[in-house]
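Here the structure comes first, spelled out in structure tokens, and everything after it is commentary.
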Amino acid sequence: MRIAQDLADAVGNTPLIRLRKASEETGCEILGKAEFLNPGQSVKDRAALYIIRDAIARGTLKPGGTIVEGTAGNTGIGLALVGASMGFRTVIVIPETQSEEKKDMLRLAGAELVQVPAKPYRNPNNFVHYSRRLAEELAKTEPNGAIWANQFDNVANRQAHVETTGPEIWEQTGGKVDGFICAAGSGGTVAGIAMALQPKGVKVGLVDPEGAGLYSFYTTGEISTEGGSIAEGIGQVRITKNLEGFTPDFVTRVPDTEALPIVFDLLREEGLCMGGSTGINIAGAIRMAKEMGPGHTIVTVLCDYGTRYQSKLFNPAFLKEKDLPCPDWLGKGDADLA
Ligand code: PMP
């Protein structure tokens, strides 16, 4: 194995892990792209790296410059870590509702946090609009300038998956891949992988959590949202620039009551400790596999590491308050072997 020359060089080239239970249930090979093994423990390291490299190449991000972003957390962690390794300052605007673990990790990575109340996208104080205005202000006052990463509408994000994740999946499966499916936050992952793999005959699916608007858009042409989800980082309600031109071959919408048992079983039975969006993705892969029939190979994304959600997804009190399924082993104390 070669030596990575720096943190940026260690992003990507993640393994594909066979998901045993999902594969047995469907008679398909369900494989998870282990994005939680990136240096920032999520799929968003790839987008962060490509956004930073693109801004450097364009000359907008100068040495010692500041990167500003509105993020549910993972993009911010990726930007802060890649930024630290390259000498950039990061300022992150995050909705207050996101997990404390992600906020702590952001602080640890050296990001300066601005927490804002969670507001819908149409509200001018939504975290995305807030971060754009902050970037404009800082660009005027910072000696080395400031850029707005703009993950939702900056297609450097999608390009990371066109050039890296998609080709990696193709190579790792030796081209024996029939389907790919995941949920969308910015849409960079699903649309970028679609650009790489649909031309090779791979069917690409999109799975929404409840409360997102893409399922209704791709099935009826209208954006309408219903219900909600505790999964963080996904649940898009508009066609971002990254999603433009993307046409899914399969669309579905999964409730948390179906996704959470998958996350819990995955931890206890397969040793994989994942966040909520991974449960939505695997539930989507199981549905797509059932639609395609046995014998197919379907890839999905293991988006981020579960310790990032200890206080919510893996907290019995939180789950009970939300009336969500909670396994009886969760929250059990230390062994008493005395
Ligand atoms: N899962 C998690 C945990 C995320 O943080 C994100 C990105 N916000 C996604 C999935 C979705 O990725 P993308 O932005 O590429 O659609």
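Note on naming: chains are A, B, ... as they come in the structure tokens, residues start from 1 per chain, ligands start from 1 in the order shown.
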
If we count only C-alpha atoms, what is near range 262-268 of chain A at a cut-off of 7 Å, once residues fewer than 6 positions away on the same chain are taken out, given as a PyMOL selection string? chain A and resi 274+276+279

Find the spatial neighbours of Gln172 in chain A, counting only C-alpha atoms, within a cut-off of 12 Å - ignore same-chain residues fewer than 2 positions away - and output them as an MDAnalysis selection string. chainID A and resid 13:18 31:33 164:170 174:177 299

Within 10 Å of ligand 1 (counting only C-alpha atoms and all ligand atoms), which residues show up? I'd like them as number ranges by chain. A: 35-36, 41-47, 71-77, 102, 151-152, 157-158, 160-161, 182-193, 231-236, 240, 242-243, 274-281, 301-306, 308-309

Could you give me, as a PyMOL selection string, each residue of range 179-209 of chain A that DSSP assigns to alpha helix (DSSP H) when run on this structure's backbone? chain A and resi 188-197

Which one is closest to Glu112 in chain A: A:Gly87, A:Ala80, A:Leu214, A:Glu137? Count only C-alpha atoms.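 Comparing A:Gly87, A:Ala80, A:Leu214, A:Glu137 against Glu112 in chain A, the winner is A:Ala80.
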
DSSP says strand (DSSP E or B) for which residues of range 81-318 of chain A? Put them as a VMD selection string? chain A and resid 89 to 95 112 to 116 146 to 148 179 to 182 203 to 209 250 to 254 274 297 to 302 304 to 305

Pull N, CA and C atoms from the residues just selected and write them as a tab-separated table (two decimals), in the first residue's frame.
chain	number	residue	atom	x	y	z
A	89	ARG	N	-8.67	28.97	7.28
A	89	ARG	CA	-9.57	29.11	8.43
A	89	ARG	C	-10.96	28.68	7.98
A	90	THR	N	-11.74	28.04	8.85
A	90	THR	CA	-13.12	27.68	8.47
A	90	THR	C	-14.13	28.27	9.45
A	91	VAL	N	-15.18	28.81	8.90
A	91	VAL	CA	-16.29	29.35	9.69
A	91	VAL	C	-17.54	28.58	9.26
A	92	ILE	N	-18.21	27.94	10.22
A	92	ILE	CA	-19.30	27.03	9.91
A	92	ILE	C	-20.62	27.52	10.51
A	93	VAL	N	-21.63	27.66	9.68
A	93	VAL	CA	-22.97	28.02	10.14
A	93	VAL	C	-23.79	26.72	10.20
A	94	ILE	N	-24.29	26.39	11.38
A	94	ILE	CA	-24.97	25.09	11.58
A	94	ILE	C	-26.31	25.30	12.30
A	95	PRO	N	-27.36	24.60	11.86
A	95	PRO	CA	-28.64	24.69	12.59
A	95	PRO	C	-28.46	24.14	14.01
A	112	GLU	N	-14.74	27.67	13.43
A	112	GLU	CA	-15.46	28.62	14.27
A	112	GLU	C	-16.93	28.43	13.97
A	113	LEU	N	-17.74	28.13	15.01
A	113	LEU	CA	-19.15	27.78	14.80
A	113	LEU	C	-20.07	28.98	14.98
A	114	VAL	N	-21.05	29.07	14.09
A	114	VAL	CA	-22.14	30.02	14.26
A	114	VAL	C	-23.41	29.19	14.27
A	115	GLN	N	-24.07	29.08	15.44
A	115	GLN	CA	-25.29	28.27	15.51
A	115	GLN	C	-26.50	29.17	15.24
A	116	VAL	N	-27.38	28.70	14.38
A	116	VAL	CA	-28.57	29.49	14.04
A	116	VAL	C	-29.82	28.62	14.25
A	146	ALA	N	-12.28	35.58	1.68
A	146	ALA	CA	-13.14	34.49	2.16
A	146	ALA	C	-13.98	33.98	1.00
A	147	ILE	N	-14.24	32.68	1.02
A	147	ILE	CA	-15.13	32.11	0.01
A	147	ILE	C	-16.31	31.41	0.68
A	148	TRP	N	-17.39	31.28	-0.09
A	148	TRP	CA	-18.55	30.51	0.36
A	148	TRP	C	-18.49	29.16	-0.35
A	179	GLY	N	-27.14	-1.96	-9.61
A	179	GLY	CA	-27.86	-0.81	-9.08
A	179	GLY	C	-27.05	-0.06	-8.04
A	180	PHE	N	-27.39	1.22	-7.89
A	180	PHE	CA	-26.82	2.06	-6.83
A	180	PHE	C	-27.98	2.89	-6.30
A	181	ILE	N	-28.01	3.10	-4.99
A	181	ILE	CA	-29.08	3.95	-4.43
A	181	ILE	C	-28.58	4.65	-3.18
A	182	CYS	N	-28.97	5.92	-3.00
A	182	CYS	CA	-28.74	6.60	-1.72
A	182	CYS	C	-29.69	7.79	-1.61
A	203	LYS	N	-28.44	1.00	-12.91
A	203	LYS	CA	-29.67	1.72	-12.53
A	203	LYS	C	-29.39	2.49	-11.24
A	204	VAL	N	-29.76	3.76	-11.21
A	204	VAL	CA	-29.50	4.57	-10.01
A	204	VAL	C	-30.82	4.99	-9.37
A	205	GLY	N	-30.94	4.69	-8.07
A	205	GLY	CA	-32.16	5.00	-7.33
A	205	GLY	C	-31.93	6.12	-6.32
A	206	LEU	N	-33.04	6.76	-5.95
A	206	LEU	CA	-32.99	7.79	-4.92
A	206	LEU	C	-33.96	7.39	-3.81
A	207	VAL	N	-33.49	7.45	-2.57
A	207	VAL	CA	-34.39	7.17	-1.44
A	207	VAL	C	-34.51	8.42	-0.58
A	208	ASP	N	-35.75	8.80	-0.29
A	208	ASP	CA	-36.02	9.95	0.58
A	208	ASP	C	-36.38	9.47	1.98
A	209	PRO	N	-35.99	10.23	3.00
A	209	PRO	CA	-36.61	10.03	4.32
A	209	PRO	C	-37.96	10.75	4.29
A	250	PHE	N	-35.24	4.70	-10.12
A	250	PHE	CA	-36.07	4.12	-9.06
A	250	PHE	C	-36.14	5.15	-7.94
A	251	VAL	N	-37.34	5.36	-7.40
A	251	VAL	CA	-37.46	6.30	-6.27
A	251	VAL	C	-38.34	5.69	-5.19
A	252	THR	N	-37.98	5.94	-3.96
A	252	THR	CA	-38.79	5.42	-2.86
A	252	THR	C	-38.66	6.33	-1.65
A	253	ARG	N	-39.60	6.18	-0.70
A	253	ARG	CA	-39.54	6.99	0.52
A	253	ARG	C	-39.70	6.06	1.73
A	254	VAL	N	-38.77	6.18	2.67
A	254	VAL	CA	-38.68	5.23	3.78
A	254	VAL	C	-38.93	5.95	5.11
A	274	MET	N	-23.35	2.95	12.53
A	274	MET	CA	-23.62	3.96	11.49
A	274	MET	C	-24.63	5.00	11.94
A	297	THR	N	-26.58	-7.12	-7.94
A	297	THR	CA	-25.66	-6.47	-7.01
A	297	THR	C	-26.04	-5.00	-6.91
A	298	ILE	N	-26.30	-4.56	-5.69
A	298	ILE	CA	-26.72	-3.17	-5.47
A	298	ILE	C	-25.82	-2.53	-4.43
A	299	VAL	N	-25.31	-1.36	-4.76
A	299	VAL	CA	-24.40	-0.65	-3.86
A	299	VAL	C	-25.13	0.54	-3.23
A	300	THR	N	-24.86	0.77	-1.94
A	300	THR	CA	-25.35	1.98	-1.29
A	300	THR	C	-24.21	2.59	-0.48
A	301	VAL	N	-24.51	3.64	0.28
A	301	VAL	CA	-23.46	4.38	0.98
A	301	VAL	C	-23.60	4.24	2.49
A	302	LEU	N	-22.51	3.90	3.16
A	302	LEU	CA	-22.44	3.93	4.62
A	302	LEU	C	-21.86	5.31	4.94
A	304	ASP	N	-21.82	7.90	7.46
A	304	ASP	CA	-20.97	8.43	8.53
A	304	ASP	C	-21.02	7.56	9.77
A	305	TYR	N	-20.11	7.82	10.70
A	305	TYR	CA	-19.95	6.96	11.87
A	305	TYR	C	-20.97	7.29	12.95
